[in-house]
>>> print(open('start_21.txt').read())   # compact mmCIF, C-alpha atoms
# COMPACT_ATOMS: atom_id res chain seq x y z
CA MET A 1 96.38 -68.16 67.05
CA SER A 2 99.66 -70.00 66.69
CA GLU A 3 102.95 -68.28 65.99
CA PRO A 4 104.48 -68.61 62.52
CA VAL A 5 106.96 -71.43 62.12
CA SER A 6 110.60 -70.33 62.10
CA PRO A 7 112.06 -70.33 58.58
CA VAL A 8 114.90 -72.51 59.86
CA THR A 9 112.81 -75.07 61.76
CA PRO A 10 114.93 -78.21 61.65
CA LEU A 11 113.31 -81.46 60.65
CA ASP A 12 111.97 -83.19 63.78
CA LEU A 13 111.15 -86.63 62.46
CA GLU A 14 109.94 -87.93 65.79
CA LYS A 15 107.37 -85.14 66.15
CA LEU A 16 106.33 -85.44 62.52
CA PHE A 17 105.94 -89.23 62.39
CA THR A 18 104.40 -89.67 65.83
CA THR A 19 101.81 -86.97 65.03
CA LEU A 20 100.86 -88.62 61.73
CA VAL A 21 100.71 -92.07 63.38
CA ARG A 22 98.70 -90.81 66.37
CA HIS A 23 96.10 -89.47 63.91
CA ARG A 24 96.17 -92.78 61.98
CA VAL A 25 97.19 -91.15 58.70
CA ASP A 26 97.88 -93.70 55.97
CA PHE A 27 100.99 -92.64 54.04
CA VAL A 28 104.16 -93.89 52.39
CA LEU A 29 107.43 -92.11 53.02
CA ILE A 30 109.02 -91.27 49.66
CA GLY A 31 112.01 -89.34 48.31
CA ALA A 32 115.50 -89.04 49.74
CA LEU A 33 114.42 -89.73 53.33
CA ALA A 34 112.85 -93.07 52.35
CA ALA A 35 115.97 -93.86 50.34
CA ARG A 36 118.20 -92.95 53.33
CA LEU A 37 116.47 -95.63 55.40
CA GLN A 38 117.77 -98.04 52.75
CA GLY A 39 121.36 -96.78 52.72
CA PHE A 40 121.15 -93.83 50.31
CA PRO A 41 124.00 -91.45 51.15
CA ARG A 42 122.47 -88.01 50.45
CA ALA A 43 121.19 -85.93 53.36
CA THR A 44 117.83 -84.22 53.12
CA TYR A 45 116.19 -81.47 55.10
CA ASP A 46 112.55 -82.29 54.49
CA ALA A 47 110.19 -85.25 54.53
CA ASP A 48 108.15 -86.27 51.50
CA ILE A 49 105.07 -88.44 51.89
CA THR A 50 102.36 -89.87 49.69
CA PRO A 51 99.13 -90.01 51.71
CA ALA A 52 96.11 -92.10 50.78
CA ARG A 53 93.45 -89.92 49.16
CA ASP A 54 90.27 -91.40 50.63
CA ALA A 55 87.96 -89.02 52.52
CA GLY A 56 88.65 -90.49 55.96
CA ASN A 57 92.40 -90.28 55.51
CA LEU A 58 92.20 -86.70 54.24
CA GLN A 59 90.25 -85.80 57.39
CA ARG A 60 92.87 -87.44 59.64
CA LEU A 61 95.69 -85.81 57.64
CA ALA A 62 94.08 -82.36 57.93
CA THR A 63 93.72 -82.80 61.70
CA ALA A 64 97.39 -83.86 62.02
CA LEU A 65 98.56 -80.96 59.85
CA ARG A 66 96.59 -78.45 61.93
CA GLU A 67 98.25 -79.87 65.06
CA LEU A 68 101.61 -79.35 63.35
CA ASP A 69 100.63 -75.75 62.42
CA ALA A 70 101.16 -76.53 58.74
CA ARG A 71 101.57 -73.57 56.40
CA ILE A 72 102.30 -73.35 52.70
CA TYR A 73 106.04 -73.06 52.08
CA THR A 74 107.42 -70.66 49.48
CA ASP A 75 111.01 -69.60 48.87
CA THR A 76 110.08 -65.95 49.40
CA ILE A 77 108.13 -66.57 52.62
CA PRO A 78 109.87 -69.56 54.23
CA GLU A 79 107.90 -69.23 57.48
CA GLY A 80 104.88 -70.15 55.39
CA LEU A 81 101.50 -68.81 54.42
CA ALA A 82 98.39 -69.72 56.38
CA PHE A 83 95.86 -71.78 54.43
CA ASP A 84 92.58 -73.60 54.90
CA CYS A 85 93.98 -76.93 56.07
CA SER A 86 90.78 -78.87 55.43
CA PRO A 87 90.22 -82.22 53.72
CA GLN A 88 88.46 -80.39 50.89
CA MET A 89 91.43 -78.06 50.34
CA LEU A 90 93.98 -80.87 50.51
CA ALA A 91 91.99 -82.78 47.86
CA ARG A 92 92.31 -79.87 45.41
CA ALA A 93 96.01 -80.30 44.64
CA ASP A 94 98.37 -83.18 43.88
CA VAL A 95 101.33 -81.56 45.66
CA TRP A 96 101.57 -79.44 48.81
CA ASN A 97 104.88 -77.95 49.96
CA LEU A 98 104.47 -77.22 53.66
CA VAL A 99 106.42 -75.96 56.61
CA THR A 100 105.37 -77.18 60.06
CA LYS A 101 106.57 -76.95 63.63
CA ALA A 102 108.27 -80.28 62.86
CA GLY A 103 110.08 -78.89 59.78
CA ARG A 104 109.48 -79.08 56.03
CA LEU A 105 106.91 -81.59 54.78
CA ASP A 106 105.96 -82.15 51.17
CA LEU A 107 102.78 -84.04 50.31
CA ALA A 108 102.71 -85.69 46.89
CA PHE A 109 99.44 -87.52 46.35
CA GLN A 110 100.64 -88.87 43.00
CA PRO A 111 104.41 -88.58 42.67
CA SER A 112 105.77 -88.50 39.11
CA GLY A 113 105.85 -91.92 37.51
CA THR A 114 103.49 -93.51 40.06
CA ALA A 115 99.77 -94.04 40.56
CA GLY A 116 99.91 -92.76 44.15
CA TYR A 117 99.47 -94.35 47.55
CA GLU A 118 98.13 -97.79 46.52
CA ASP A 119 100.87 -98.17 43.92
CA LEU A 120 103.65 -97.33 46.38
CA ALA A 121 102.17 -99.09 49.43
CA ARG A 122 101.90 -102.38 47.53
CA HIS A 123 105.69 -102.95 47.62
CA ALA A 124 106.67 -100.57 50.42
CA ILE A 125 109.22 -101.63 52.98
CA HIS A 126 108.16 -101.71 56.63
CA PHE A 127 110.40 -100.01 59.18
CA THR A 128 109.88 -99.51 62.89
CA VAL A 129 110.50 -95.84 63.61
CA TYR A 130 109.93 -94.33 67.07
CA GLY A 131 108.10 -97.52 68.05
CA ASP A 132 105.59 -97.40 65.18
CA ASP A 133 105.32 -99.06 61.76
CA LEU A 134 106.40 -96.83 58.89
CA LEU A 135 105.97 -97.62 55.19
CA ALA A 136 108.81 -96.41 52.97
CA ALA A 137 108.82 -96.62 49.21
CA ARG A 138 111.32 -99.18 47.94
CA LEU A 139 114.35 -97.93 46.03
CA GLU A 140 112.98 -99.15 42.68
CA ASP A 141 109.85 -97.01 43.15
CA ILE A 142 111.83 -93.98 44.31
CA MET A 143 114.04 -94.33 41.24
CA ARG A 144 110.98 -94.67 38.96
CA SER A 145 109.54 -91.45 40.36
CA LYS A 146 112.81 -89.53 40.17
CA GLN A 147 113.35 -90.67 36.56
CA ALA A 148 109.88 -89.42 35.63
CA ALA A 149 110.41 -86.07 37.40
CA GLY A 150 113.74 -85.54 35.63
CA ARG A 151 115.01 -82.64 37.74
CA PRO A 152 118.83 -82.21 37.91
CA GLN A 153 119.04 -83.47 41.53
CA ASP A 154 116.78 -86.40 40.64
CA LYS A 155 119.10 -87.42 37.80
CA GLN A 156 122.03 -87.55 40.22
CA ASP A 157 119.93 -89.49 42.73
CA VAL A 158 118.87 -91.99 40.04
CA ALA A 159 122.52 -92.72 39.22
CA LEU A 160 123.27 -93.39 42.91
CA ILE A 161 120.17 -95.52 43.45
CA ARG A 162 120.88 -97.52 40.27
CA GLU A 163 124.39 -98.24 41.60
CA MET A 164 122.96 -99.27 44.98
CA LEU A 165 120.50 -101.65 43.30
CA THR A 166 123.22 -103.09 41.06
CA ARG A 167 125.41 -103.82 44.06
CA ARG A 168 122.48 -105.30 45.96
CA THR A 169 121.65 -107.79 43.18
CA ALA A 170 125.19 -108.58 42.01
CA PRO A 171 126.48 -112.03 42.93
CA PRO A 172 129.07 -111.95 45.69
CA GLU A 173 132.55 -111.67 44.33
CA LYS A 174 135.07 -114.31 45.14
CA GLN A 175 136.96 -113.00 48.05
CA THR A 176 140.56 -113.93 48.43
CA PRO A 177 141.58 -114.59 51.97
CA LYS A 178 143.60 -111.80 53.49
CA ARG A 179 147.14 -112.65 54.41
CA ARG A 180 147.92 -112.39 58.02
CA ARG A 181 150.69 -110.04 58.78
CA ARG A 182 153.57 -111.59 60.56
CA ASP A 183 154.83 -109.62 63.45
CA SER A 184 158.60 -109.62 63.42
>>> encode(input="start_21.txt", output="C-alpha cells")
Amino acid sequence: MSEPVSPVTPLDLEKLFTTLVRHRVDFVLIGALAARLQGFPRATYDADITPARDAGNLQRLATALRELDARIYTDTIPEGLAFDCSPQMLARADVWNLVTKAGRLDLAFQPSGTAGYEDLARHAIHFTVYGDDLLAARLEDIMRSKQAAGRPQDKQDVALIREMLTRRTAPPEKQTPKRRRRDS
C-alpha cells in the first residue's frame, strides 16, 4: 500500500509528463500551464489535461495514474481520497481533480466550450518537453474554454490571452531608430 501524497506536493512536471508519455497516454495539455508555454504570465500549481476517451487510452491513463498514486483531491482532504482508478471509473465523469506524487493533476475530458480531445488536438501546438512530444492547446482554444467556464479567474485570464493574441496579430509598428548617445 502506498503512502498518501503530501498535501503540499509540488508540481513535478518531468515526473508527470514522462509517466504519461511512457504509458503512451494521448492527451492535450490545457489551462494556464499550456498557456504559459506560449508566454502567458500567470503561474499555476497544477496541470490540466484533456485525455482521449477511447477504451485503450483510458486503460493506459489508468495504469499511469496508478503509478503516480493518483487520489481524488478535495479542499478538505488535500492529501486525497483513494478511489478505483480503473478505465471504467475514469469513464464515468467528465472531470477528475486529482493529487499525485507528481503534484496536482486535473483531467477534463470535455473542457467547457470544447468537444474534447479531438477538438483540441486538431489545432494543438507541438512542444518538445523532457525529450518527448507534448500537445498543448493553442491560446484561442484555451480562451474559448475559459470564456465558456466563466469563473472569475478565467475572466481575468481571458483578458490577458486576448491581449496576447491582439499583440501577436497586430502589424509591426514603425520603429523609429534610437539615437545614439554621444559620450562627452
>>> residues_near_point(input="start_21.txt", point="(95.4, -90.3, 61.9)", cutoff="8 Å", atoms="all atoms listed in the file", output="number ranges by chain")
A: 19-26, 57, 60-61, 63-64
>>> atom_distance(input="start_21.txt", atom1="atom CA of A:Pro51", atom2="atom CA of A:Ala108")
7.4 Å
>>> residues_around(input="start_21.txt", residues="A:Arg144", least_positions_apart="5", cutoff="9 Å", atoms="only C-alpha atoms", output="PDB file with C-alpha atoms, keeping the file's coordinate frame")
ATOM      1  CA  SER A 112     105.770 -88.500  39.110  1.00  0.00           C
ATOM      2  CA  GLY A 113     105.850 -91.920  37.510  1.00  0.00           C
ATOM      3  CA  THR A 114     103.490 -93.510  40.060  1.00  0.00           C
ATOM      4  CA  LEU A 139     114.350 -97.930  46.030  1.00  0.00           C
ATOM      5  CA  ALA A 149     110.410 -86.070  37.400  1.00  0.00           C
ATOM      6  CA  VAL A 158     118.870 -91.990  40.040  1.00  0.00           C
TER       7      VAL A 158
END
>>> closest_residue(input="start_21.txt", among="A:Ile125, A:Ala93, A:Leu134, A:Ile30", to="A:Ala47", atoms="only C-alpha atoms")
A:Ile30
>>> atom_distance(input="start_21.txt", atom1="atom CA of A:Pro78", atom2="atom CA of A:Arg42")
22.7 Å
>>> residues_around(input="start_21.txt", residues="A:Phe127", least_positions_apart="5", cutoff="10 Å", atoms="only C-alpha atoms", output="MDAnalysis selection string")
chainID A and resid 37:38 132:136
>>> write_last_selection(input="start_21.txt", atoms="C-alpha atoms", output="PDB file, in the frame of the given file")
ATOM      1  CA  LEU A  37     116.470 -95.630  55.400  1.00  0.00           C
ATOM      2  CA  GLN A  38     117.770 -98.040  52.750  1.00  0.00           C
ATOM      3  CA  ASP A 132     105.590 -97.400  65.180  1.00  0.00           C
ATOM      4  CA  ASP A 133     105.320 -99.060  61.760  1.00  0.00           C
ATOM      5  CA  LEU A 134     106.400 -96.830  58.890  1.00  0.00           C
ATOM      6  CA  LEU A 135     105.970 -97.620  55.190  1.00  0.00           C
ATOM      7  CA  ALA A 136     108.810 -96.410  52.970  1.00  0.00           C
TER       8      ALA A 136
END
>>> closest_residue(input="start_21.txt", among="A:Ala148, A:Ile72, A:Pro41, A:Arg162", to="A:Trp96", atoms="only C-alpha atoms")
A:Ile72
>>> atom_distance(input="start_21.txt", atom1="atom CA of A:Lys155", atom2="atom CA of A:Asp141")
14.4 Å
>>> closest_residue(input="start_21.txt", among="A:Ala91, A:Leu105, A:Leu120, A:Leu160", to="A:Val28", atoms="all atoms listed in the file")
A:Leu120
>>> closest_residue(input="start_21.txt", among="A:Leu107, A:Val129, A:Leu58, A:Val95", to="A:Glu14", atoms="all atoms listed in the file")
A:Val129
